[in-house]
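Each remark here refers to the structure printed beneath this line.
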Amino acid sequence: MPIEGFNYKEFANSLSSQAAEILKGSENGSASLSPQDTQKLVTLVNKLCIMAGETLNNDSNIKFNSDQAKLIVQFVGEYTFHKYIDMINGKIPEQSRVPIINAIVGQIFNTAKLAIIKNMPDDALLSLIDDKVKQVYSAELQKLIKKGLMSEDQFNNAVNLSNLDNMVQENTDKAKIEKVQNAGGQVTSPNDKKVLKLAALAILLKKLPQDKAEMILNGFSKEDILHINNYMRMTDLENKLDHQLIIKSLKEIKQIIPEPDTVNIEKLLKHYRKMIRNARPDLLSKLAMNERENIKNFILDPRYSAENAFSPFVIQSIVNTIEDKLNDN
């Protein structure tokens, strides 16, 4: 017997239309997909949501209501959307993408059905689905390694990508910007001041050539780079914030990252190497843990040739950041 009030085709069309709208916008956590990939993804979301909805609607052994059925179909649509983008970003061979998505969707469908039958709480259900998706995705990528279709390095990169997490963080950053915007000129908390500085820097970097922007970004932590990139994708950001606050923040940033000709690299590195020689090894390891490879080498290897890896003002910024963190401990 069909599920009352559950028009699965209409719901599938709605989810695929939402996917298309997200991909049109510049402010989302996804990659910039080609028109061909965009069409494939929207079509795939629609197809798999219809299949899931039809299967639920025709299953006489379950007694789901419309909301429960929609929840399962929504899981199918959302994870299809995000994991397909992860596969594009992770350079997964095109011919492998749909089979991997099918494996993920099958796991989602069966897990969600059983969890709802057992009356699992929503939070636990969400966590369970996410864990199962990660397990299946990792296992499917491992199969590609065995087939010689990807390397271990490619696997390590691809398995850690999460467009879903990126979009959640992007929405969080939008909320932070709105908070600063609503405060007008009264930005007082340290967190809000940092948001403003990173947003001001993002406005500046958007106007620089890509190579110079990347050079400056190399001086920041992974976490800060994520926030800066999110702010750079926000449209009309410069008109959402008080211009005087932007100018003030940029002046403060300039004091932290001086022009290259004001940096005495030899003196700076001599000071830095003396500083890390006197620092506890476990503390240096902790600071380096989540950094990118070049910054990690700079922290842990006193012989690392920073001059060849970074510009002078980026070295200055990194040294200042490390010194601040060491002093905090």
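Following the order of the structure tokens, first chain is A, next is B, and so on, with residues numbered from 1 inside each chain and ligands from 1 in the order they appear.
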Polymer residues at most 12 Å from segment 101-103 of chain A, only C-alpha atoms, same-chain spacing of 2 or more positions, as a PyMOL selection string | chain A and resi 41+44-45+47-49+51-52+76-87+92+94-99+105-110+132-141
Using backbone DSSP assignments, extract all helix (DSSP H, G or I) residues from segment 68-201 of chain A; output them as number ranges by chain.
-> A: 68-89, 94-117, 122-146, 152-159, 163-182, 190-201
Writing out the chosen residues with C-alpha atoms as an mmCIF file, in the first residue's frame:
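The result, stored in part00.cif:
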```
data_model
loop_
_atom_site.group_PDB
_atom_site.id
_atom_site.type_symbol
_atom_site.label_atom_id
_atom_site.label_comp_id
_atom_site.auth_asym_id
_atom_site.auth_seq_id
_atom_site.Cartn_x
_atom_site.Cartn_y
_atom_site.Cartn_z
ATOM 1 C CA GLN A 68 10.137 8.948 7.596
ATOM 2 C CA ALA A 69 10.192 8.047 3.902
ATOM 3 C CA LYS A 70 11.262 11.575 2.960
ATOM 4 C CA LEU A 71 14.100 11.426 5.496
ATOM 5 C CA ILE A 72 15.552 8.321 3.847
ATOM 6 C CA VAL A 73 15.218 9.807 0.361
ATOM 7 C CA GLN A 74 16.824 13.034 1.598
ATOM 8 C CA PHE A 75 19.790 11.062 2.946
ATOM 9 C CA VAL A 76 20.151 9.460 -0.475
ATOM 10 C CA GLY A 77 20.027 12.811 -2.270
ATOM 11 C CA GLU A 78 22.369 14.705 0.042
ATOM 12 C CA TYR A 79 25.088 12.061 0.219
ATOM 13 C CA THR A 80 24.886 11.443 -3.519
ATOM 14 C CA PHE A 81 25.457 15.168 -4.025
ATOM 15 C CA HIS A 82 28.342 15.571 -1.590
ATOM 16 C CA LYS A 83 30.230 12.328 -2.257
ATOM 17 C CA TYR A 84 30.040 12.788 -6.026
ATOM 18 C CA ILE A 85 31.680 16.196 -5.601
ATOM 19 C CA ASP A 86 34.285 14.624 -3.307
ATOM 20 C CA MET A 87 35.070 12.128 -6.054
ATOM 21 C CA ILE A 88 35.502 14.896 -8.619
ATOM 22 C CA ASN A 89 37.766 16.833 -6.248
ATOM 23 C CA GLU A 94 34.878 8.899 -13.922
ATOM 24 C CA GLN A 95 33.881 5.324 -14.715
ATOM 25 C CA SER A 96 34.152 4.431 -11.011
ATOM 26 C CA ARG A 97 32.001 7.245 -9.614
ATOM 27 C CA VAL A 98 28.493 5.872 -10.196
ATOM 28 C CA PRO A 99 29.352 2.350 -8.929
ATOM 29 C CA ILE A 100 30.774 3.903 -5.739
ATOM 30 C CA ILE A 101 27.690 6.093 -5.300
ATOM 31 C CA ASN A 102 25.456 3.043 -5.794
ATOM 32 C CA ALA A 103 27.317 1.206 -3.026
ATOM 33 C CA ILE A 104 26.979 4.211 -0.701
ATOM 34 C CA VAL A 105 23.278 4.677 -1.468
ATOM 35 C CA GLY A 106 22.564 0.985 -0.888
ATOM 36 C CA GLN A 107 24.188 1.208 2.544
ATOM 37 C CA ILE A 108 22.304 4.416 3.394
ATOM 38 C CA PHE A 109 18.967 2.939 2.332
ATOM 39 C CA ASN A 110 19.294 -0.271 4.338
ATOM 40 C CA THR A 111 20.843 1.362 7.407
ATOM 41 C CA ALA A 112 18.254 4.144 7.579
ATOM 42 C CA LYS A 113 15.345 1.743 7.134
ATOM 43 C CA LEU A 114 16.506 -0.498 9.961
ATOM 44 C CA ALA A 115 17.333 2.447 12.254
ATOM 45 C CA ILE A 116 13.885 3.994 11.766
ATOM 46 C CA ILE A 117 12.167 0.648 12.397
ATOM 47 C CA ASP A 122 17.548 11.478 15.088
ATOM 48 C CA ASP A 123 21.022 12.471 16.325
ATOM 49 C CA ALA A 124 22.120 8.859 16.572
ATOM 50 C CA LEU A 125 20.664 8.127 13.134
ATOM 51 C CA LEU A 126 22.560 11.032 11.538
ATOM 52 C CA SER A 127 25.802 9.920 13.164
ATOM 53 C CA LEU A 128 25.267 6.308 12.127
ATOM 54 C CA ILE A 129 24.569 7.199 8.491
ATOM 55 C CA ASP A 130 27.651 9.432 8.331
ATOM 56 C CA ASP A 131 29.866 6.688 9.787
ATOM 57 C CA LYS A 132 28.497 4.093 7.363
ATOM 58 C CA VAL A 133 29.048 6.399 4.380
ATOM 59 C CA LYS A 134 32.677 6.975 5.398
ATOM 60 C CA GLN A 135 33.250 3.235 5.833
ATOM 61 C CA VAL A 136 31.769 2.301 2.457
ATOM 62 C CA TYR A 137 33.531 5.163 0.662
ATOM 63 C CA SER A 138 36.907 4.164 2.108
ATOM 64 C CA ALA A 139 36.349 0.504 1.240
ATOM 65 C CA GLU A 140 35.353 1.347 -2.341
ATOM 66 C CA LEU A 141 38.432 3.530 -2.811
ATOM 67 C CA GLN A 142 40.611 0.732 -1.460
ATOM 68 C CA LYS A 143 39.228 -1.469 -4.255
ATOM 69 C CA LEU A 144 40.477 1.103 -6.780
ATOM 70 C CA ILE A 145 43.985 0.836 -5.315
ATOM 71 C CA LYS A 146 43.897 -2.957 -5.729
ATOM 72 C CA GLU A 152 47.997 5.366 -1.967
ATOM 73 C CA ASP A 153 48.700 9.103 -2.037
ATOM 74 C CA GLN A 154 45.583 9.715 -4.142
ATOM 75 C CA PHE A 155 43.585 7.572 -1.722
ATOM 76 C CA ASN A 156 44.827 9.503 1.321
ATOM 77 C CA ASN A 157 43.819 12.769 -0.320
ATOM 78 C CA ALA A 158 40.458 11.597 -1.657
ATOM 79 C CA VAL A 159 39.269 9.756 1.455
ATOM 80 C CA ASN A 163 32.210 18.704 0.651
ATOM 81 C CA LEU A 164 29.534 18.278 3.327
ATOM 82 C CA ASP A 165 31.891 19.495 6.075
ATOM 83 C CA ASN A 166 33.045 22.353 3.847
ATOM 84 C CA MET A 167 29.483 23.553 3.321
ATOM 85 C CA VAL A 168 28.725 23.338 7.041
ATOM 86 C CA GLN A 169 31.846 25.395 7.787
ATOM 87 C CA GLU A 170 30.948 27.861 5.047
ATOM 88 C CA ASN A 171 27.520 28.428 6.560
ATOM 89 C CA THR A 172 29.164 28.915 9.963
ATOM 90 C CA ASP A 173 31.503 31.519 8.474
ATOM 91 C CA LYS A 174 28.553 33.302 6.883
ATOM 92 C CA ALA A 175 26.895 33.485 10.283
ATOM 93 C CA LYS A 176 30.082 34.953 11.772
ATOM 94 C CA ILE A 177 30.181 37.628 9.075
ATOM 95 C CA GLU A 178 26.523 38.488 9.710
ATOM 96 C CA LYS A 179 27.293 38.851 13.414
ATOM 97 C CA VAL A 180 30.170 41.240 12.706
ATOM 98 C CA GLN A 181 28.028 43.101 10.167
ATOM 99 C CA ASN A 182 25.189 43.538 12.647
ATOM 100 C CA PRO A 190 38.712 38.674 20.182
ATOM 101 C CA ASN A 191 36.842 36.117 18.061
ATOM 102 C CA ASP A 192 34.922 38.790 16.159
ATOM 103 C CA LYS A 193 38.115 40.784 15.627
ATOM 104 C CA LYS A 194 39.794 37.716 14.148
ATOM 105 C CA VAL A 195 36.811 37.120 11.851
ATOM 106 C CA LEU A 196 37.098 40.716 10.680
ATOM 107 C CA LYS A 197 40.843 40.437 10.049
ATOM 108 C CA LEU A 198 40.483 37.227 8.035
ATOM 109 C CA ALA A 199 37.560 38.696 6.081
ATOM 110 C CA ALA A 200 39.536 41.898 5.383
ATOM 111 C CA LEU A 201 42.468 39.805 4.198
#
```
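As for atom CA of Asn308 of chain A and atom CA of Ser285 of chain A, they are spaced 22.5 Å apart.
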Pick out the residues sitting within 12 Å of Ile225 of chain A, and hand them over as a PDB file with all heavy atoms, in the first residue's frame; count only C-alpha atoms, and ignore anything fewer than 3 positions along from it in its own chain.
```pdb
ATOM      1  N   LEU A 198      40.428  38.224   9.102  1.00  0.00           N
ATOM      2  CA  LEU A 198      40.483  37.227   8.035  1.00  0.00           C
ATOM      3  C   LEU A 198      39.602  37.630   6.859  1.00  0.00           C
ATOM      4  O   LEU A 198      39.962  37.409   5.695  1.00  0.00           O
ATOM      5  CB  LEU A 198      40.063  35.858   8.576  1.00  0.00           C
ATOM      6  CG  LEU A 198      40.966  35.243   9.641  1.00  0.00           C
ATOM      7  CD1 LEU A 198      40.429  33.872  10.070  1.00  0.00           C
ATOM      8  CD2 LEU A 198      42.398  35.117   9.159  1.00  0.00           C
ATOM      9  N   ALA A 199      38.447  38.230   7.152  1.00  0.00           N
ATOM     10  CA  ALA A 199      37.560  38.696   6.081  1.00  0.00           C
ATOM     11  C   ALA A 199      38.206  39.838   5.309  1.00  0.00           C
ATOM     12  O   ALA A 199      38.133  39.899   4.071  1.00  0.00           O
ATOM     13  CB  ALA A 199      36.224  39.144   6.668  1.00  0.00           C
ATOM     14  N   LEU A 201      41.390  40.392   5.001  1.00  0.00           N
ATOM     15  CA  LEU A 201      42.468  39.805   4.198  1.00  0.00           C
ATOM     16  C   LEU A 201      41.906  39.124   2.958  1.00  0.00           C
ATOM     17  O   LEU A 201      42.487  39.214   1.869  1.00  0.00           O
ATOM     18  CB  LEU A 201      43.248  38.800   5.045  1.00  0.00           C
ATOM     19  CG  LEU A 201      44.458  38.144   4.374  1.00  0.00           C
ATOM     20  CD1 LEU A 201      45.483  39.191   3.948  1.00  0.00           C
ATOM     21  CD2 LEU A 201      45.098  37.132   5.308  1.00  0.00           C
ATOM     22  N   ALA A 202      40.764  38.460   3.102  1.00  0.00           N
ATOM     23  CA  ALA A 202      40.130  37.794   1.958  1.00  0.00           C
ATOM     24  C   ALA A 202      39.758  38.809   0.878  1.00  0.00           C
ATOM     25  O   ALA A 202      39.940  38.558  -0.316  1.00  0.00           O
ATOM     26  CB  ALA A 202      38.884  37.044   2.416  1.00  0.00           C
ATOM     27  N   LEU A 205      43.028  39.681  -0.854  1.00  0.00           N
ATOM     28  CA  LEU A 205      43.582  38.598  -1.664  1.00  0.00           C
ATOM     29  C   LEU A 205      42.820  38.405  -2.968  1.00  0.00           C
ATOM     30  O   LEU A 205      43.392  37.987  -3.974  1.00  0.00           O
ATOM     31  CB  LEU A 205      43.590  37.297  -0.859  1.00  0.00           C
ATOM     32  CG  LEU A 205      44.513  37.245   0.366  1.00  0.00           C
ATOM     33  CD1 LEU A 205      44.409  35.892   1.055  1.00  0.00           C
ATOM     34  CD2 LEU A 205      45.949  37.532  -0.026  1.00  0.00           C
ATOM     35  N   ALA A 213      48.589  35.746  -3.984  1.00  0.00           N
ATOM     36  CA  ALA A 213      47.604  35.400  -2.952  1.00  0.00           C
ATOM     37  C   ALA A 213      47.979  34.085  -2.280  1.00  0.00           C
ATOM     38  O   ALA A 213      47.925  33.963  -1.048  1.00  0.00           O
ATOM     39  CB  ALA A 213      46.211  35.309  -3.566  1.00  0.00           C
ATOM     40  N   GLU A 214      48.393  33.096  -3.075  1.00  0.00           N
ATOM     41  CA  GLU A 214      48.772  31.802  -2.515  1.00  0.00           C
ATOM     42  C   GLU A 214      50.024  31.917  -1.651  1.00  0.00           C
ATOM     43  O   GLU A 214      50.160  31.239  -0.632  1.00  0.00           O
ATOM     44  CB  GLU A 214      48.994  30.789  -3.639  1.00  0.00           C
ATOM     45  CG  GLU A 214      47.701  30.363  -4.332  1.00  0.00           C
ATOM     46  CD  GLU A 214      47.932  29.392  -5.455  1.00  0.00           C
ATOM     47  OE1 GLU A 214      49.117  29.126  -5.778  1.00  0.00           O
ATOM     48  OE2 GLU A 214      46.934  28.905  -6.021  1.00  0.00           O
ATOM     49  N   MET A 215      50.934  32.804  -2.056  1.00  0.00           N
ATOM     50  CA  MET A 215      52.155  33.012  -1.286  1.00  0.00           C
ATOM     51  C   MET A 215      51.829  33.537   0.114  1.00  0.00           C
ATOM     52  O   MET A 215      52.398  33.095   1.118  1.00  0.00           O
ATOM     53  CB  MET A 215      53.064  34.010  -2.024  1.00  0.00           C
ATOM     54  CG  MET A 215      54.471  34.113  -1.454  1.00  0.00           C
ATOM     55  SD  MET A 215      55.450  35.345  -2.353  1.00  0.00           S
ATOM     56  CE  MET A 215      55.470  34.616  -3.977  1.00  0.00           C
ATOM     57  N   ILE A 216      50.881  34.459   0.170  1.00  0.00           N
ATOM     58  CA  ILE A 216      50.479  35.012   1.466  1.00  0.00           C
ATOM     59  C   ILE A 216      49.745  33.962   2.284  1.00  0.00           C
ATOM     60  O   ILE A 216      49.980  33.804   3.486  1.00  0.00           O
ATOM     61  CB  ILE A 216      49.601  36.256   1.267  1.00  0.00           C
ATOM     62  CG1 ILE A 216      50.433  37.394   0.651  1.00  0.00           C
ATOM     63  CG2 ILE A 216      49.003  36.730   2.587  1.00  0.00           C
ATOM     64  CD1 ILE A 216      49.631  38.617   0.262  1.00  0.00           C
ATOM     65  N   LEU A 217      48.860  33.200   1.642  1.00  0.00           N
ATOM     66  CA  LEU A 217      48.098  32.165   2.355  1.00  0.00           C
ATOM     67  C   LEU A 217      48.995  31.114   2.985  1.00  0.00           C
ATOM     68  O   LEU A 217      48.652  30.527   4.007  1.00  0.00           O
ATOM     69  CB  LEU A 217      47.107  31.494   1.399  1.00  0.00           C
ATOM     70  CG  LEU A 217      45.796  32.232   1.132  1.00  0.00           C
ATOM     71  CD1 LEU A 217      45.000  31.509   0.063  1.00  0.00           C
ATOM     72  CD2 LEU A 217      44.971  32.368   2.407  1.00  0.00           C
ATOM     73  N   ASN A 218      50.165  30.873   2.378  1.00  0.00           N
ATOM     74  CA  ASN A 218      51.076  29.856   2.904  1.00  0.00           C
ATOM     75  C   ASN A 218      51.541  30.144   4.324  1.00  0.00           C
ATOM     76  O   ASN A 218      52.022  29.255   5.016  1.00  0.00           O
ATOM     77  CB  ASN A 218      52.312  29.721   1.999  1.00  0.00           C
ATOM     78  CG  ASN A 218      52.048  28.851   0.791  1.00  0.00           C
ATOM     79  OD1 ASN A 218      51.178  28.002   0.828  1.00  0.00           O
ATOM     80  ND2 ASN A 218      52.783  29.073  -0.280  1.00  0.00           N
ATOM     81  N   GLY A 219      51.374  31.397   4.756  1.00  0.00           N
ATOM     82  CA  GLY A 219      51.809  31.765   6.092  1.00  0.00           C
ATOM     83  C   GLY A 219      50.769  31.519   7.164  1.00  0.00           C
ATOM     84  O   GLY A 219      51.027  31.810   8.340  1.00  0.00           O
ATOM     85  N   PHE A 220      49.619  30.985   6.793  1.00  0.00           N
ATOM     86  CA  PHE A 220      48.530  30.792   7.754  1.00  0.00           C
ATOM     87  C   PHE A 220      48.288  29.310   8.029  1.00  0.00           C
ATOM     88  O   PHE A 220      48.678  28.446   7.242  1.00  0.00           O
ATOM     89  CB  PHE A 220      47.253  31.448   7.230  1.00  0.00           C
ATOM     90  CG  PHE A 220      47.308  32.954   7.223  1.00  0.00           C
ATOM     91  CD1 PHE A 220      47.883  33.637   6.157  1.00  0.00           C
ATOM     92  CD2 PHE A 220      46.813  33.686   8.292  1.00  0.00           C
ATOM     93  CE1 PHE A 220      47.960  35.015   6.155  1.00  0.00           C
ATOM     94  CE2 PHE A 220      46.877  35.065   8.286  1.00  0.00           C
ATOM     95  CZ  PHE A 220      47.453  35.734   7.226  1.00  0.00           C
ATOM     96  N   SER A 221      47.631  29.024   9.128  1.00  0.00           N
ATOM     97  CA  SER A 221      47.303  27.643   9.475  1.00  0.00           C
ATOM     98  C   SER A 221      46.227  27.113   8.523  1.00  0.00           C
ATOM     99  O   SER A 221      45.521  27.886   7.865  1.00  0.00           O
ATOM    100  CB  SER A 221      46.788  27.565  10.915  1.00  0.00           C
ATOM    101  OG  SER A 221      45.533  28.222  11.022  1.00  0.00           O
ATOM    102  N   LYS A 222      46.061  25.790   8.506  1.00  0.00           N
ATOM    103  CA  LYS A 222      45.028  25.177   7.666  1.00  0.00           C
ATOM    104  C   LYS A 222      43.642  25.706   8.021  1.00  0.00           C
ATOM    105  O   LYS A 222      42.820  25.959   7.144  1.00  0.00           O
ATOM    106  CB  LYS A 222      45.052  23.654   7.825  1.00  0.00           C
ATOM    107  CG  LYS A 222      46.192  22.955   7.123  1.00  0.00           C
ATOM    108  CD  LYS A 222      46.050  21.440   7.286  1.00  0.00           C
ATOM    109  CE  LYS A 222      47.149  20.706   6.542  1.00  0.00           C
ATOM    110  NZ  LYS A 222      47.034  19.237   6.691  1.00  0.00           N
ATOM    111  N   ILE A 228      39.495  31.859   5.332  1.00  0.00           N
ATOM    112  CA  ILE A 228      39.812  32.894   4.338  1.00  0.00           C
ATOM    113  C   ILE A 228      39.231  32.524   2.979  1.00  0.00           C
ATOM    114  O   ILE A 228      38.641  33.357   2.288  1.00  0.00           O
ATOM    115  CB  ILE A 228      41.334  33.112   4.244  1.00  0.00           C
ATOM    116  CG1 ILE A 228      41.864  33.734   5.545  1.00  0.00           C
ATOM    117  CG2 ILE A 228      41.680  34.026   3.069  1.00  0.00           C
ATOM    118  CD1 ILE A 228      43.381  33.731   5.656  1.00  0.00           C
ATOM    119  N   ASN A 229      39.398  31.257   2.585  1.00  0.00           N
ATOM    120  CA  ASN A 229      38.851  30.819   1.296  1.00  0.00           C
ATOM    121  C   ASN A 229      37.328  30.939   1.269  1.00  0.00           C
ATOM    122  O   ASN A 229      36.734  31.291   0.246  1.00  0.00           O
ATOM    123  CB  ASN A 229      39.276  29.379   0.999  1.00  0.00           C
ATOM    124  CG  ASN A 229      40.711  29.279   0.529  1.00  0.00           C
ATOM    125  OD1 ASN A 229      41.232  30.211  -0.079  1.00  0.00           O
ATOM    126  ND2 ASN A 229      41.363  28.174   0.802  1.00  0.00           N
ATOM    127  N   ASN A 230      36.685  30.619   2.394  1.00  0.00           N
ATOM    128  CA  ASN A 230      35.230  30.772   2.468  1.00  0.00           C
ATOM    129  C   ASN A 230      34.835  32.229   2.294  1.00  0.00           C
ATOM    130  O   ASN A 230      33.881  32.545   1.570  1.00  0.00           O
ATOM    131  CB  ASN A 230      34.708  30.249   3.808  1.00  0.00           C
ATOM    132  CG  ASN A 230      34.672  28.730   3.878  1.00  0.00           C
ATOM    133  OD1 ASN A 230      34.710  28.049   2.856  1.00  0.00           O
ATOM    134  ND2 ASN A 230      34.615  28.188   5.074  1.00  0.00           N
ATOM    135  N   TYR A 231      35.559  33.129   2.948  1.00  0.00           N
ATOM    136  CA  TYR A 231      35.244  34.557   2.824  1.00  0.00           C
ATOM    137  C   TYR A 231      35.514  35.051   1.401  1.00  0.00           C
ATOM    138  O   TYR A 231      34.793  35.914   0.884  1.00  0.00           O
ATOM    139  CB  TYR A 231      36.073  35.371   3.828  1.00  0.00           C
ATOM    140  CG  TYR A 231      35.767  35.049   5.277  1.00  0.00           C
ATOM    141  CD1 TYR A 231      36.768  35.013   6.243  1.00  0.00           C
ATOM    142  CD2 TYR A 231      34.469  34.754   5.695  1.00  0.00           C
ATOM    143  CE1 TYR A 231      36.495  34.710   7.571  1.00  0.00           C
ATOM    144  CE2 TYR A 231      34.180  34.440   7.012  1.00  0.00           C
ATOM    145  CZ  TYR A 231      35.200  34.421   7.946  1.00  0.00           C
ATOM    146  OH  TYR A 231      34.923  34.113   9.248  1.00  0.00           O
ATOM    147  N   MET A 232      36.542  34.505   0.755  1.00  0.00           N
ATOM    148  CA  MET A 232      36.851  34.918  -0.617  1.00  0.00           C
ATOM    149  C   MET A 232      35.734  34.533  -1.585  1.00  0.00           C
ATOM    150  O   MET A 232      35.530  35.199  -2.601  1.00  0.00           O
ATOM    151  CB  MET A 232      38.184  34.302  -1.067  1.00  0.00           C
ATOM    152  CG  MET A 232      39.411  34.925  -0.403  1.00  0.00           C
ATOM    153  SD  MET A 232      40.968  34.117  -0.860  1.00  0.00           S
ATOM    154  CE  MET A 232      41.129  34.636  -2.570  1.00  0.00           C
ATOM    155  N   GLU A 291      49.602  21.054  10.494  1.00  0.00           N
ATOM    156  CA  GLU A 291      50.052  21.996   9.481  1.00  0.00           C
ATOM    157  C   GLU A 291      50.369  21.287   8.170  1.00  0.00           C
ATOM    158  O   GLU A 291      50.564  20.067   8.129  1.00  0.00           O
ATOM    159  CB  GLU A 291      51.301  22.746   9.966  1.00  0.00           C
ATOM    160  CG  GLU A 291      51.077  23.609  11.198  1.00  0.00           C
ATOM    161  CD  GLU A 291      50.131  24.776  10.939  1.00  0.00           C
ATOM    162  OE1 GLU A 291      49.862  25.084   9.767  1.00  0.00           O
ATOM    163  OE2 GLU A 291      49.657  25.376  11.920  1.00  0.00           O
ATOM    164  N   ARG A 292      50.449  22.080   7.095  1.00  0.00           N
ATOM    165  CA  ARG A 292      50.850  21.528   5.803  1.00  0.00           C
ATOM    166  C   ARG A 292      52.326  21.154   5.836  1.00  0.00           C
ATOM    167  O   ARG A 292      53.076  21.585   6.694  1.00  0.00           O
ATOM    168  CB  ARG A 292      50.570  22.543   4.699  1.00  0.00           C
ATOM    169  CG  ARG A 292      49.086  22.702   4.412  1.00  0.00           C
ATOM    170  CD  ARG A 292      48.822  23.903   3.559  1.00  0.00           C
ATOM    171  NE  ARG A 292      49.228  25.121   4.253  1.00  0.00           N
ATOM    172  CZ  ARG A 292      49.400  26.284   3.636  1.00  0.00           C
ATOM    173  NH1 ARG A 292      49.231  26.365   2.348  1.00  0.00           N
ATOM    174  NH2 ARG A 292      49.743  27.357   4.322  1.00  0.00           N
TER     175      ARG A 292
END
```
Can you work out the spacing between atom CA of Gly5 of chain A and atom CA of Ser17 of chain A in Å, to one decimal?
->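 It comes out at 20.3 Å.
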